[in-house]
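Undergrad: Once you've had a glance at the structure underneath, I'll fire off some questions.
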Amino acid sequence: MHYKEWAKNLLLGSELADKLIHEKNLEISFSNEYSNFILPNNPGRSTKLQFDNLQTKFPKRGSFHQDDRRALALHFFANHELLAIEMMAAALLRYPDNSEDDLLMKKGLIKTILDEQKHLSLYLKRMNDLGLKLGDYPLNDFFWRQMDQLKTPANFYSLMALTFESANLDFAIYYEMCFAEVEDTESAKIMNIVFEDEISHVALGAKWLNQWRGDKKLWEYFYEHLPFPITPARSKGMNFNRDARSKAGLSDDFINILEAYRDPFGITNRRNK
């Protein structure tokens with residue numbers, strides 16, 4: 001199967017099974033198919049998985065001794081993984097194949113999708129163990145709403161790798177600790193798997209942005225390619241993890257600037273705990 005056909009199935013398929021199609025022997029070659037790809041308003045989703053404007057509050061850490069609260073936390077994380085799969089599939093279709101580097105970039109993106117599918121499967125199984133299925137609560141579309149502004153691969157990796165996945169270097173290890181505190185070792189193990197994979201995902205994004213940035217510093221290039229109104233503050237969670245970012249290949253200079261960065265939005269000024 002050509003990688004673009006696989007990507008189309010991931011993006012436009014309506015069932016969870018469509019999003020989890022795991023192809024290891026994809027044909028990754030130049031193709032004009034989908035050269036006029038038009039980004040859909042929404043990814044394909046069944047009625048149960050469709051986006052909902054209703055707001056659900058993330059459960060407080062102090063409630064994690066309750067199975068249903070931990071399941072709800074995993075529900076949020078699973079939706080993020082599903083969105084990542086869909087956005088990465090859209091990126092495979094949206095960005096052109098004009099050079100060997102383009103194909104090499106897409107090979108890395110395909111590997112990342114396989115990791116995201118693994119994460120989603122782990123979340124879904126653990127949620128099921130705790131009595132919850134994806135779509136039992138409203139699913140937000142915040143990540144997807146940024147997709148229209150990601151006109152270039154530099155836009156995409158600035159948002160996905162160096163922002164959303166960067167933040168998970170903090171969130172995943174934080175919630176691993178939260179689950180461990182209530183002796184939910186299964187959920188804690190999942191968060192550790194996600195954390196370790198996110199290091200390589202951030203590293204991949206940083207590698208490509210460094211290759212494309214020319215004479216600009218990575219911070220400048222990253223900052224100018226973020227879609228409005230996203231700021232670098234969304235690249236961080238609670239308890240800023242410098243070591244993980246170093247392992248991902250980010251320089252001390254970049255990490256220092258990110259750690260000190262603040263914006264005026266309350267949602268991104270998270271308290272360390």
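Going through the structure tokens in order, the chains are called A, B, and so on, while each chain numbers its residues from 1 and the ligands are numbered from 1 in the order shown.
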Would you mind listing what lies within 10 Å of Glu86 (chain A) as a list of chain:residue names, with only C-alpha atoms counted and same-chain residues fewer than 4 positions away left out?

TA: A:Ala7, A:Lys8, A:Asn9, A:Leu10, A:Leu11, A:Leu12, A:Gly13, A:Lys19, A:Asn42, A:Pro43, A:Gly44, A:His80, A:Glu81, A:Leu82, A:Ala90, A:Ala91, A:Leu92, A:Ile113, A:Trp144

Undergrad: Just to be explicit: take each residue in the selection above, keep N, CA, C and O atoms, and write the result as a PDB file, in the first residue's frame.

TA:
ATOM      1  N   ALA A   7      -2.543   7.002   4.612  1.00  0.00           N
ATOM      2  CA  ALA A   7      -2.826   8.257   5.299  1.00  0.00           C
ATOM      3  C   ALA A   7      -4.277   8.682   5.085  1.00  0.00           C
ATOM      4  O   ALA A   7      -4.941   9.168   6.014  1.00  0.00           O
ATOM      5  N   LYS A   8      -4.780   8.485   3.869  1.00  0.00           N
ATOM      6  CA  LYS A   8      -6.173   8.839   3.587  1.00  0.00           C
ATOM      7  C   LYS A   8      -7.115   8.016   4.448  1.00  0.00           C
ATOM      8  O   LYS A   8      -8.101   8.547   4.998  1.00  0.00           O
ATOM      9  N   ASN A   9      -6.826   6.733   4.606  1.00  0.00           N
ATOM     10  CA  ASN A   9      -7.667   5.873   5.442  1.00  0.00           C
ATOM     11  C   ASN A   9      -7.645   6.326   6.900  1.00  0.00           C
ATOM     12  O   ASN A   9      -8.677   6.320   7.584  1.00  0.00           O
ATOM     13  N   LEU A  10      -6.455   6.708   7.377  1.00  0.00           N
ATOM     14  CA  LEU A  10      -6.351   7.165   8.763  1.00  0.00           C
ATOM     15  C   LEU A  10      -7.142   8.449   8.980  1.00  0.00           C
ATOM     16  O   LEU A  10      -7.813   8.615  10.006  1.00  0.00           O
ATOM     17  N   LEU A  11      -7.043   9.363   8.044  1.00  0.00           N
ATOM     18  CA  LEU A  11      -7.681  10.667   8.200  1.00  0.00           C
ATOM     19  C   LEU A  11      -9.194  10.605   7.998  1.00  0.00           C
ATOM     20  O   LEU A  11      -9.949  11.199   8.789  1.00  0.00           O
ATOM     21  N   LEU A  12      -9.648   9.906   6.983  1.00  0.00           N
ATOM     22  CA  LEU A  12     -11.056   9.960   6.604  1.00  0.00           C
ATOM     23  C   LEU A  12     -11.880   8.782   7.106  1.00  0.00           C
ATOM     24  O   LEU A  12     -13.124   8.851   7.093  1.00  0.00           O
ATOM     25  N   GLY A  13     -11.228   7.703   7.538  1.00  0.00           N
ATOM     26  CA  GLY A  13     -11.977   6.586   8.106  1.00  0.00           C
ATOM     27  C   GLY A  13     -12.746   7.024   9.339  1.00  0.00           C
ATOM     28  O   GLY A  13     -12.287   7.880  10.095  1.00  0.00           O
ATOM     29  N   LYS A  19      -8.449   4.170  12.304  1.00  0.00           N
ATOM     30  CA  LYS A  19      -7.352   5.007  12.800  1.00  0.00           C
ATOM     31  C   LYS A  19      -6.173   4.161  13.272  1.00  0.00           C
ATOM     32  O   LYS A  19      -5.057   4.666  13.420  1.00  0.00           O
ATOM     33  N   ASN A  42     -13.260  18.548   9.124  1.00  0.00           N
ATOM     34  CA  ASN A  42     -13.019  17.667  10.263  1.00  0.00           C
ATOM     35  C   ASN A  42     -12.520  16.325   9.742  1.00  0.00           C
ATOM     36  O   ASN A  42     -12.843  15.940   8.615  1.00  0.00           O
ATOM     37  N   PRO A  43     -11.767  15.601  10.528  1.00  0.00           N
ATOM     38  CA  PRO A  43     -11.406  14.239  10.122  1.00  0.00           C
ATOM     39  C   PRO A  43     -12.640  13.347  10.141  1.00  0.00           C
ATOM     40  O   PRO A  43     -13.653  13.683  10.771  1.00  0.00           O
ATOM     41  N   GLY A  44     -12.559  12.227   9.445  1.00  0.00           N
ATOM     42  CA  GLY A  44     -13.673  11.288   9.468  1.00  0.00           C
ATOM     43  C   GLY A  44     -13.842  10.685  10.850  1.00  0.00           C
ATOM     44  O   GLY A  44     -12.869  10.201  11.428  1.00  0.00           O
ATOM     45  N   HIS A  80      -6.145  13.086  22.521  1.00  0.00           N
ATOM     46  CA  HIS A  80      -4.955  13.756  21.991  1.00  0.00           C
ATOM     47  C   HIS A  80      -4.204  12.853  21.020  1.00  0.00           C
ATOM     48  O   HIS A  80      -3.714  13.307  19.980  1.00  0.00           O
ATOM     49  N   GLU A  81      -4.107  11.571  21.349  1.00  0.00           N
ATOM     50  CA  GLU A  81      -3.406  10.634  20.462  1.00  0.00           C
ATOM     51  C   GLU A  81      -4.161  10.464  19.148  1.00  0.00           C
ATOM     52  O   GLU A  81      -3.555  10.421  18.072  1.00  0.00           O
ATOM     53  N   LEU A  82      -5.489  10.370  19.238  1.00  0.00           N
ATOM     54  CA  LEU A  82      -6.293  10.236  18.030  1.00  0.00           C
ATOM     55  C   LEU A  82      -6.133  11.470  17.146  1.00  0.00           C
ATOM     56  O   LEU A  82      -5.947  11.362  15.926  1.00  0.00           O
ATOM     57  N   ALA A  90      -2.928  13.922   7.840  1.00  0.00           N
ATOM     58  CA  ALA A  90      -3.191  15.084   6.991  1.00  0.00           C
ATOM     59  C   ALA A  90      -1.886  15.695   6.488  1.00  0.00           C
ATOM     60  O   ALA A  90      -1.795  16.139   5.335  1.00  0.00           O
ATOM     61  N   ALA A  91      -0.870  15.715   7.337  1.00  0.00           N
ATOM     62  CA  ALA A  91       0.431  16.249   6.934  1.00  0.00           C
ATOM     63  C   ALA A  91       1.051  15.408   5.811  1.00  0.00           C
ATOM     64  O   ALA A  91       1.644  15.947   4.871  1.00  0.00           O
ATOM     65  N   LEU A  92       0.907  14.089   5.894  1.00  0.00           N
ATOM     66  CA  LEU A  92       1.433  13.224   4.837  1.00  0.00           C
ATOM     67  C   LEU A  92       0.777  13.526   3.493  1.00  0.00           C
ATOM     68  O   LEU A  92       1.411  13.430   2.437  1.00  0.00           O
ATOM     69  N   ILE A 113       3.591   8.164  13.617  1.00  0.00           N
ATOM     70  CA  ILE A 113       2.200   7.724  13.617  1.00  0.00           C
ATOM     71  C   ILE A 113       2.082   6.331  14.227  1.00  0.00           C
ATOM     72  O   ILE A 113       1.165   6.057  15.011  1.00  0.00           O
ATOM     73  N   TRP A 144      -7.008  20.017  16.342  1.00  0.00           N
ATOM     74  CA  TRP A 144      -7.385  20.003  14.925  1.00  0.00           C
ATOM     75  C   TRP A 144      -7.641  21.404  14.400  1.00  0.00           C
ATOM     76  O   TRP A 144      -7.341  21.694  13.232  1.00  0.00           O
TER      77      TRP A 144
END

Undergrad: Each residue of region 110-159 of chain A lying at most 12 Å from region 179-203 of chain A should get a row with its shortest atom-to-atom pair and the distance in Å to one decimal, counting only C-alpha atoms; could you produce that, ordered by chain and increasing number, as CSV?

TA:
residue,atom,partner,partner_atom,distance
A:Ile110,CA,A:His201,CA,11.3
A:Lys111,CA,A:His201,CA,9.4
A:Thr112,CA,A:His201,CA,6.7
A:Ile113,CA,A:His201,CA,10.1
A:Leu114,CA,A:Asp197,CA,10.8
A:Asp115,CA,A:Asp197,CA,7.2
A:Glu116,CA,A:Val194,CA,8.6
A:Gln117,CA,A:Val194,CA,11.0
A:Lys118,CA,A:Val194,CA,9.1
A:His119,CA,A:Val194,CA,6.5
A:Leu120,CA,A:Val194,CA,9.9
A:Ser121,CA,A:Ile190,CA,10.3
A:Leu122,CA,A:Ile190,CA,6.8
A:Tyr123,CA,A:Ile190,CA,7.5
A:Leu124,CA,A:Ile190,CA,11.0
A:Lys125,CA,A:Ser187,CA,10.2
A:Arg126,CA,A:Ser187,CA,6.9
A:Met127,CA,A:Ser187,CA,9.2
A:Asn128,CA,A:Ser187,CA,11.9
A:Asp129,CA,A:Glu186,CA,10.2
A:Leu130,CA,A:Ser187,CA,10.3
A:Tyr157,CA,A:Val202,CA,8.7
A:Ser158,CA,A:Val202,CA,9.7
A:Leu159,CA,A:Val202,CA,10.6

Undergrad: With only C-alpha atoms as the atoms that count, which of A:Asn155, A:Asn210, A:Thr56, A:Thr163 lies nearest to Asn140 (chain A)?

TA: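 Smallest distance to Asn140 (chain A) is found for A:Thr56.
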
Undergrad: Using Å and a single decimal, report how far CA of Asp97 (chain A) sits from CA of Phe30 (chain A).

TA: 5.8 Å

Undergrad: For the atom pair CA of Tyr3 (chain A) and CA of Leu204 (chain A), what is the interatomic distance in Å to one decimal place?

TA: 19.2 Å

Undergrad: Using only C-alpha atoms for the distances, tell me which of A:Asp136, A:Glu224, A:Tyr175, A:Lys151 is nearest to Pro59 (chain A).

TA: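 Under the stated criterion, the closest residue is A:Tyr175.
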
Undergrad: Taking only region 43-195 of chain A into account, list the residues labelled helix (DSSP H, G or I) by DSSP (computed from the backbone), as a ChimeraX atom specification.

TA: /A:47-49,61-63,67-94,100-129,142-145,147-149,153-181,185-195

Undergrad: What's the 10 Å shell around Ala73 (chain A), counting only C-alpha atoms, without same-chain residues fewer than 2 positions away, as an mmCIF file with N, CA, C and O atoms, in the first residue's frame?

TA:
data_model
loop_
_atom_site.group_PDB
_atom_site.id
_atom_site.type_symbol
_atom_site.label_atom_id
_atom_site.label_comp_id
_atom_site.auth_asym_id
_atom_site.auth_seq_id
_atom_site.Cartn_x
_atom_site.Cartn_y
_atom_site.Cartn_z
ATOM 1 N N LYS A 57 -14.305 19.083 32.402
ATOM 2 C CA LYS A 57 -13.141 19.472 33.193
ATOM 3 C C LYS A 57 -12.232 18.282 33.440
ATOM 4 O O LYS A 57 -12.699 17.179 33.739
ATOM 5 N N PHE A 58 -10.941 18.529 33.297
ATOM 6 C CA PHE A 58 -9.966 17.474 33.582
ATOM 7 C C PHE A 58 -10.012 17.160 35.074
ATOM 8 O O PHE A 58 -10.080 18.080 35.893
ATOM 9 N N PRO A 59 -9.993 15.877 35.451
ATOM 10 C CA PRO A 59 -10.103 15.525 36.875
ATOM 11 C C PRO A 59 -8.910 16.009 37.696
ATOM 12 O O PRO A 59 -7.778 16.046 37.210
ATOM 13 N N LYS A 60 -9.194 16.384 38.920
ATOM 14 C CA LYS A 60 -8.141 16.847 39.815
ATOM 15 C C LYS A 60 -7.301 15.672 40.307
ATOM 16 O O LYS A 60 -7.802 14.555 40.483
ATOM 17 N N ARG A 61 -6.037 15.966 40.533
ATOM 18 C CA ARG A 61 -5.111 14.934 41.005
ATOM 19 C C ARG A 61 -5.604 14.258 42.284
ATOM 20 O O ARG A 61 -5.452 13.052 42.462
ATOM 21 N N PHE A 64 -7.752 10.976 41.963
ATOM 22 C CA PHE A 64 -7.239 9.849 41.188
ATOM 23 C C PHE A 64 -7.345 8.505 41.903
ATOM 24 O O PHE A 64 -7.067 7.465 41.298
ATOM 25 N N ASP A 68 -13.047 5.990 38.034
ATOM 26 C CA ASP A 68 -13.669 6.748 36.960
ATOM 27 C C ASP A 68 -12.934 8.053 36.676
ATOM 28 O O ASP A 68 -12.938 8.541 35.538
ATOM 29 N N ARG A 69 -12.280 8.618 37.689
ATOM 30 C CA ARG A 69 -11.513 9.853 37.478
ATOM 31 C C ARG A 69 -10.235 9.562 36.698
ATOM 32 O O ARG A 69 -9.847 10.339 35.821
ATOM 33 N N ARG A 70 -9.586 8.477 37.010
ATOM 34 C CA ARG A 70 -8.385 8.108 36.250
ATOM 35 C C ARG A 70 -8.762 7.763 34.813
ATOM 36 O O ARG A 70 -8.057 8.113 33.868
ATOM 37 N N ALA A 71 -9.898 7.087 34.658
ATOM 38 C CA ALA A 71 -10.366 6.749 33.313
ATOM 39 C C ALA A 71 -10.640 8.014 32.506
ATOM 40 O O ALA A 71 -10.323 8.087 31.311
ATOM 41 N N HIS A 75 -9.038 9.319 29.038
ATOM 42 C CA HIS A 75 -9.918 9.686 27.932
ATOM 43 C C HIS A 75 -9.400 10.946 27.248
ATOM 44 O O HIS A 75 -9.369 11.038 26.010
ATOM 45 N N PHE A 76 -8.971 11.942 28.035
ATOM 46 C CA PHE A 76 -8.366 13.146 27.472
ATOM 47 C C PHE A 76 -7.118 12.791 26.673
ATOM 48 O O PHE A 76 -6.920 13.264 25.553
ATOM 49 N N PHE A 77 -6.260 11.955 27.264
ATOM 50 C CA PHE A 77 -5.001 11.597 26.607
ATOM 51 C C PHE A 77 -5.258 10.817 25.313
ATOM 52 O O PHE A 77 -4.560 11.018 24.306
ATOM 53 N N ALA A 78 -6.247 9.928 25.334
ATOM 54 C CA ALA A 78 -6.565 9.136 24.148
ATOM 55 C C ALA A 78 -7.045 10.032 23.011
ATOM 56 O O ALA A 78 -6.680 9.825 21.844
ATOM 57 N N TYR A 123 -4.048 3.303 25.712
ATOM 58 C CA TYR A 123 -5.042 4.093 26.442
ATOM 59 C C TYR A 123 -6.427 3.448 26.349
ATOM 60 O O TYR A 123 -7.155 3.368 27.344
ATOM 61 N N MET A 127 -8.540 2.253 29.529
ATOM 62 C CA MET A 127 -9.846 2.871 29.773
ATOM 63 C C MET A 127 -10.934 1.811 29.868
ATOM 64 O O MET A 127 -11.813 1.880 30.735
ATOM 65 N N TYR A 175 1.989 12.747 35.150
ATOM 66 C CA TYR A 175 0.853 11.858 35.392
ATOM 67 C C TYR A 175 1.290 10.420 35.642
ATOM 68 O O TYR A 175 0.555 9.657 36.292
#

Undergrad: Let me make sure I understand: among A:Glu33, A:Asp18, A:Asp141, A:Glu100, which one has the smallest atom-to-atom distance to Leu54 (chain A) if we use only C-alpha atoms?

TA: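 Comparing A:Glu33, A:Asp18, A:Asp141, A:Glu100 against Leu54 (chain A), the winner is A:Asp141.
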
Undergrad: Between A:Leu74, A:Leu162, A:Ile230, A:Ile38, which has the minimum distance to Phe254 (chain A) (counting only C-alpha atoms)?

TA: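 With only C-alpha atoms as the atom set, the closest residue is A:Leu162.
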